[in-house]
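Step one of this worksheet: look at the structure below.
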Amino acid sequence: MTRPLLEARQLRVEIGSNTVVDHLDLSVASGERVAILGRNGAGKSTLLSTLAGLRPPVSGAILLDGEDASLLHAREAALRRAWLGQFQSDPFGSTVLETALTGRHPHLGRWDWESTRDAELARSALKAVGLDGMETRQIHTLSGGERQRLAIATLLTQAAPLYLLDEPLSHLDLNHQMAVLELFAGTARDCGAGVVMVLHDPALAHRFCDRALLLHGDGRAEIDSVARILTAEKLSELYGYRLRQIEDRGHRCFIPE
Amino acid sequence: MPTSRRAFLILASLSLLAVASIGLALTVGSFKVSCAEVLAALLGQEGGTGDVVLQLRLPRALAGFACGGLLALAGALMQVLLRNPLADPYVLGISGGAGVGAMFAMLLGLPVLGVDGLAFVGAFAATLLVFGLAHGDGSWTQTRLLLTGVIVAAGCGALVALMLTIAEESKLRGMLFWLMGDLGQSAQWWPAFAALIVALLLAMPFARELNLLSRGLMQAQALGVAVGRLRYAIYLLASLATAASVTTAGSIGFVGLVVPHLVRLATGNDQRLLLPASVLAGGSLLVLADTLARTLIAPQQLPVGVLTALIGVPVFLFLLSRQPK
């Protein structure tokens with residue numbers, strides 16, 4: 001029996017005076033994809049960064065590959081999970097390839113320079129998100145969508161077994177949204193990676209995830225398989241707006257009434 | 001990522017520049033010394049001109065190189081720490097604190113060592129004060145640190161102005177020279193030089209982590225940088241480097257701001273190359289500026305801080321205007 005890549009035990013997360021989750025138990029196994037859905041301000045990003053071990057929970061514990069995240073050195077944690085943030089800001093210039101190579105940091109010793117193998121990994125990651133041929137471009141000349149895909153390439157270069165993605169589809173147009181989701185679905189299927197992602201579209205969550213975590217914003221959280229939890233009734237309550245469900249060739253779609 | 005060949009070329013040519021600048025500082029001055037005589041003096045041959053070279057010019061050139069290197073290094077570190085390309089070593093009030101200490105010592109008529117000592121105490125006190133205030137609730141954002149630093153610097157400026165107004169006429173010139181930055185009054189060259197070498201040796205192992213830190217705290221943490229500890233260490237290191245320089249030569253402006261920018265244009269933002277290159281370039285620049293300061297209106301001397309500012313302002317405005325929108 002293999003250990004789960006990520007385990008949250010009796011987790012309580014707060015932001016300001018709001019409770020995001022309380023007594024949350026969650027476990028993500030190898031190859032599993034979990035979506036986090038909720039309204040703006042429900043605490044999706046806060047929960048995700050807590051799961052990544054980047055901010056401490058109020059109570060409860062996070063286990064990354066069986067070890068308490070609060071006790072892991074930052075570098076050790078970076079070998080176990082990769083985290084995609086919502087915002088990238090770069091006050092200093094840098095090239096696309098240099099940026100993608102930052103993902104190799106946890107794999108390198110203190111005095112190591114990136115090797116040609118590291119550069120190859122970064123190049124193939126750039127290729128996977130369709131940024132090949134742009135290695136020498138300065139990042140501030142990239143569009144928002146290209147910047148987002150570069151961040152995803154950096155994540156792939158990091159090559160951790162668990163991906164925590166905060167709105168991976170932001171700034172992406174439709175074809176790239178599908179490409180990115182298929183990329184992570186493929187990584188989960190072929191390499192056994194675990195994926196937790198904050199999404200806004202329940203239809204995409206249904207199509208690309210196994211389970212969904214609904215955050216109600218008042219401390220209540222529900223988690224179940226997408227087939228059971230992503231229904232018009234549940235989602236209408238979650239978003240506070242009436243939705244109608246349409247099925248087409250196994251894909252669900254939700255239309256605002 | 002610069003290739004190792006390119007990194008080597010850049011560092012080698014900057015080292016040549018450093019040697020050339022020090023060589024120039026030894027030969028040029030109100031008292032002309034030929035290259036051959038300089039070499040003879042350096043090789044330990046007794047001679048009439050040896051004293052000028054060994055006792056006056058060499059210590060001053062080495063002190064200048066050390067201060068320039070320290071300021072450029074501290075500037076590069078502060079820019080990463082505050083994630084702000086416009087940060088410089090003095091932005092957090094360190095030179096203000098040192099200024100208050102030095103002015104107070106001069107007001108009391110203390111000897112050079114006393115002035116240096118109180119300047120260092122002032123710099124360190126300002127560092128702790130800014131950090132303590134910005135750190136109040138346990139979290140310190142760059143903005144909060146920056147604002148606290150600016151306010152403390154303003155307060156120090158007021159105290160310095162107060163002491164200048166009540167000082168005797170005879171002390172005013174020395175005080176003004178100190179405030180503008182002047183290598184003529186540095187007592188010893190080796191403390192600053194040792195500080196430079198130690199600071200660079202301490203910073204280099206963390207260079208790649210600094211690259212990540214400049215991209216954002218959460219990003220760096222997620223990629224495996226122990227951000228909290230690193231930021232404390234960098235803050236302390238940059239502060240001590242600045243304090244060492246200010247104590248030796250007063251608040252010489254613009255080296256810490258402009259040199260990392262100039263170097264960045266040539267090398268990119270990889271700190272593994274940027275930090276040593278900044279040290280070499282900053283040191284060379286200050287030695288050259290000081291040589292000019294000694295010779296432009298010789299036998300009168302200008303404070304070197306005036307020259308670095310005169311060079312620095314147009315260069316900086318030029319860089320600012322060509323920054324990508």
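How things are named: the first chain in the structure tokens is A, the next is B, and so on; residues count from 1 in each chain; ligands count from 1 in the order shown.
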*Once you count only C-alpha atoms, which residues of chain B turn out to be within 8 Å of chain A? Could you give them as a ChimeraX atom specification?*
/B:1,83-85,205-206,208,212,214-216,218-219,221-226,268-269
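Within region 77-200 of chain A, residues classed as strand (DSSP E) by DSSP on backbone coordinates are A:Ala82, A:Trp83, A:Leu84, A:Leu162, A:Tyr163, A:Leu164, A:Leu165, A:Asp166, A:Gly194, A:Val195, A:Val196, A:Met197, A:Val198.
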*Any idea what's packed within 9 Å of Asp210 (chain A), counting only C-alpha atoms, ignoring anything in its chain fewer than 2 positions away? Could you give it as a ChimeraX atom specification?*
/A:32-35,205-208,212,224-227
For the selection you just gave me, I'd like the residues written to a file as an mmCIF file, in the first residue's frame, keeping C-alpha atoms.
data_model
loop_
_atom_site.group_PDB
_atom_site.id
_atom_site.type_symbol
_atom_site.label_atom_id
_atom_site.label_comp_id
_atom_site.auth_asym_id
_atom_site.auth_seq_id
_atom_site.Cartn_x
_atom_site.Cartn_y
_atom_site.Cartn_z
ATOM 1 C CA GLU A 32 -5.727 11.344 -8.425
ATOM 2 C CA ARG A 33 -7.115 14.724 -9.489
ATOM 3 C CA VAL A 34 -9.118 16.896 -7.111
ATOM 4 C CA ALA A 35 -10.868 20.161 -7.961
ATOM 5 C CA ALA A 205 -13.877 20.072 -13.057
ATOM 6 C CA HIS A 206 -16.328 17.284 -13.924
ATOM 7 C CA ARG A 207 -14.476 16.399 -17.053
ATOM 8 C CA PHE A 208 -10.902 16.471 -15.731
ATOM 9 C CA ALA A 212 -14.342 17.868 -6.092
ATOM 10 C CA ASP A 224 -17.120 13.647 -3.046
ATOM 11 C CA SER A 225 -16.704 12.133 -6.473
ATOM 12 C CA VAL A 226 -17.468 14.595 -9.254
ATOM 13 C CA ALA A 227 -20.400 12.495 -10.476
#
*asked:* When DSSP is applied to the backbone of this structure, which of region 14-257 of chain A are assigned helix (DSSP H, G or I)? Write them out as a ChimeraX atom specification.
replied: /A:44-51,69-71,74-80,96-107,116-128,139-141,144-158,174-191,202-208,226-229,232-239
*Residues at most 7 Å from Ser278 (chain B), counting only C-alpha atoms, excluding those fewer than 5 positions away in the same chain, as a list in words?*
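Counting only the stated atoms, we get Gly69, Ala72, Leu73, Val259, Pro260 and Val263 of chain B.
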*Tell me, as a list in words, which residues lie within 8 Å of region 153-167 of chain B, counting only C-alpha atoms; anything in the same chain fewer than 3 positions away does not count.*
Val91, Leu92, Gly93, Ile94, Ser95, Gly96, Gly97, Gly99, Val100, Met103, Phe104, Leu107, Gly149, Val150, Lys171, Leu172 and Met175 of chain B
Would you put the residues from that selection into a file with C-alpha atoms, as a PDB file, in the first residue's frame?
ATOM      1  CA  VAL B  91      17.143  53.444   1.604  1.00  0.00           C
ATOM      2  CA  LEU B  92      16.586  51.834   4.993  1.00  0.00           C
ATOM      3  CA  GLY B  93      18.131  54.680   6.960  1.00  0.00           C
ATOM      4  CA  ILE B  94      21.558  53.153   7.595  1.00  0.00           C
ATOM      5  CA  SER B  95      23.513  56.134   6.324  1.00  0.00           C
ATOM      6  CA  GLY B  96      21.157  58.435   8.238  1.00  0.00           C
ATOM      7  CA  GLY B  97      21.934  56.643  11.479  1.00  0.00           C
ATOM      8  CA  GLY B  99      25.428  60.351   9.898  1.00  0.00           C
ATOM      9  CA  VAL B 100      23.829  61.164  13.251  1.00  0.00           C
ATOM     10  CA  MET B 103      28.063  64.333  13.401  1.00  0.00           C
ATOM     11  CA  PHE B 104      27.620  63.891  17.132  1.00  0.00           C
ATOM     12  CA  LEU B 107      30.413  68.030  17.455  1.00  0.00           C
ATOM     13  CA  GLY B 149      13.328  52.992   6.435  1.00  0.00           C
ATOM     14  CA  VAL B 150      12.404  56.156   4.575  1.00  0.00           C
ATOM     15  CA  LYS B 171      34.035  71.978  12.371  1.00  0.00           C
ATOM     16  CA  LEU B 172      31.508  72.558   9.607  1.00  0.00           C
ATOM     17  CA  MET B 175      31.177  67.549   8.838  1.00  0.00           C
TER      18      MET B 175
END
*Compile the contact shell of region 288-291 of chain B as number ranges by chain: residues with an atom at most 12 Å away, counting only C-alpha atoms, same-chain residues fewer than 6 positions apart removed.*
B: 17-30, 57-58, 60-65, 67-68, 181-184, 249, 252-255, 281-282, 297-298, 301-312
_Residues within 10 Å of Ala188 (chain A), please, as a ChimeraX atom specification. Count only C-alpha atoms; anything in the same chain fewer than 3 positions from it doesn't count._
/A:30-33,161-163,182-185,191-195
Deliver the residues from the most recent selection as a file, using N, CA and C atoms, as a PDB file, in the first residue's frame.
ATOM      1  N   SER A  30      -1.719   8.941  -5.415  1.00  0.00           N
ATOM      2  CA  SER A  30      -1.023   8.999  -6.695  1.00  0.00           C
ATOM      3  C   SER A  30      -2.024   8.827  -7.836  1.00  0.00           C
ATOM      4  N   GLY A  31      -1.924   9.682  -8.852  1.00  0.00           N
ATOM      5  CA  GLY A  31      -2.791   9.568 -10.023  1.00  0.00           C
ATOM      6  C   GLY A  31      -4.151  10.214  -9.855  1.00  0.00           C
ATOM      7  N   GLU A  32      -4.405  10.797  -8.689  1.00  0.00           N
ATOM      8  CA  GLU A  32      -5.727  11.344  -8.425  1.00  0.00           C
ATOM      9  C   GLU A  32      -5.784  12.839  -8.720  1.00  0.00           C
ATOM     10  N   ARG A  33      -6.946  13.285  -9.204  1.00  0.00           N
ATOM     11  CA  ARG A  33      -7.115  14.724  -9.489  1.00  0.00           C
ATOM     12  C   ARG A  33      -8.306  15.249  -8.705  1.00  0.00           C
ATOM     13  N   PRO A 161       6.016  15.068  -7.461  1.00  0.00           N
ATOM     14  CA  PRO A 161       4.933  14.107  -7.705  1.00  0.00           C
ATOM     15  C   PRO A 161       3.534  14.682  -7.437  1.00  0.00           C
ATOM     16  N   LEU A 162       3.464  15.874  -6.842  1.00  0.00           N
ATOM     17  CA  LEU A 162       2.157  16.442  -6.507  1.00  0.00           C
ATOM     18  C   LEU A 162       2.078  17.872  -7.012  1.00  0.00           C
ATOM     19  N   TYR A 163       1.008  18.189  -7.730  1.00  0.00           N
ATOM     20  CA  TYR A 163       0.838  19.546  -8.254  1.00  0.00           C
ATOM     21  C   TYR A 163      -0.329  20.222  -7.552  1.00  0.00           C
ATOM     22  N   GLU A 182      -5.406  18.735 -20.171  1.00  0.00           N
ATOM     23  CA  GLU A 182      -5.033  17.419 -20.697  1.00  0.00           C
ATOM     24  C   GLU A 182      -3.604  17.058 -20.315  1.00  0.00           C
ATOM     25  N   LEU A 183      -2.748  18.078 -20.273  1.00  0.00           N
ATOM     26  CA  LEU A 183      -1.362  17.860 -19.853  1.00  0.00           C
ATOM     27  C   LEU A 183      -1.322  17.286 -18.437  1.00  0.00           C
ATOM     28  N   PHE A 184      -2.046  17.917 -17.527  1.00  0.00           N
ATOM     29  CA  PHE A 184      -2.017  17.431 -16.138  1.00  0.00           C
ATOM     30  C   PHE A 184      -2.755  16.108 -15.990  1.00  0.00           C
ATOM     31  N   ALA A 185      -3.827  15.932 -16.763  1.00  0.00           N
ATOM     32  CA  ALA A 185      -4.515  14.635 -16.728  1.00  0.00           C
ATOM     33  C   ALA A 185      -3.565  13.538 -17.185  1.00  0.00           C
ATOM     34  N   CYS A 191       2.295   9.278 -15.159  1.00  0.00           N
ATOM     35  CA  CYS A 191       3.393   9.356 -14.186  1.00  0.00           C
ATOM     36  C   CYS A 191       2.898   9.193 -12.756  1.00  0.00           C
ATOM     37  N   GLY A 192       1.599   9.043 -12.578  1.00  0.00           N
ATOM     38  CA  GLY A 192       1.082   8.865 -11.226  1.00  0.00           C
ATOM     39  C   GLY A 192       1.138  10.110 -10.376  1.00  0.00           C
ATOM     40  N   ALA A 193       1.137  11.277 -11.015  1.00  0.00           N
ATOM     41  CA  ALA A 193       1.156  12.509 -10.236  1.00  0.00           C
ATOM     42  C   ALA A 193      -0.211  12.761  -9.612  1.00  0.00           C
ATOM     43  N   GLY A 194      -0.209  13.424  -8.461  1.00  0.00           N
ATOM     44  CA  GLY A 194      -1.459  13.881  -7.872  1.00  0.00           C
ATOM     45  C   GLY A 194      -1.662  15.333  -8.246  1.00  0.00           C
ATOM     46  N   VAL A 195      -2.906  15.712  -8.488  1.00  0.00           N
ATOM     47  CA  VAL A 195      -3.175  17.095  -8.888  1.00  0.00           C
ATOM     48  C   VAL A 195      -4.332  17.653  -8.060  1.00  0.00           C
TER      49      VAL A 195
END
*Tell me, in Å to one decimal, how far CA of Ala233 (chain B) is from CA of Val130 (chain B).*
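Answer for the CA of Ala233 (chain B) to CA of Val130 (chain B) separation: 15.2 Å.
Distances to Glu14 (chain A) were evaluated for A:Leu63, A:Asp218, A:Gly145, A:Asp190 using only C-alpha atoms, and the minimum falls at A:Asp218.
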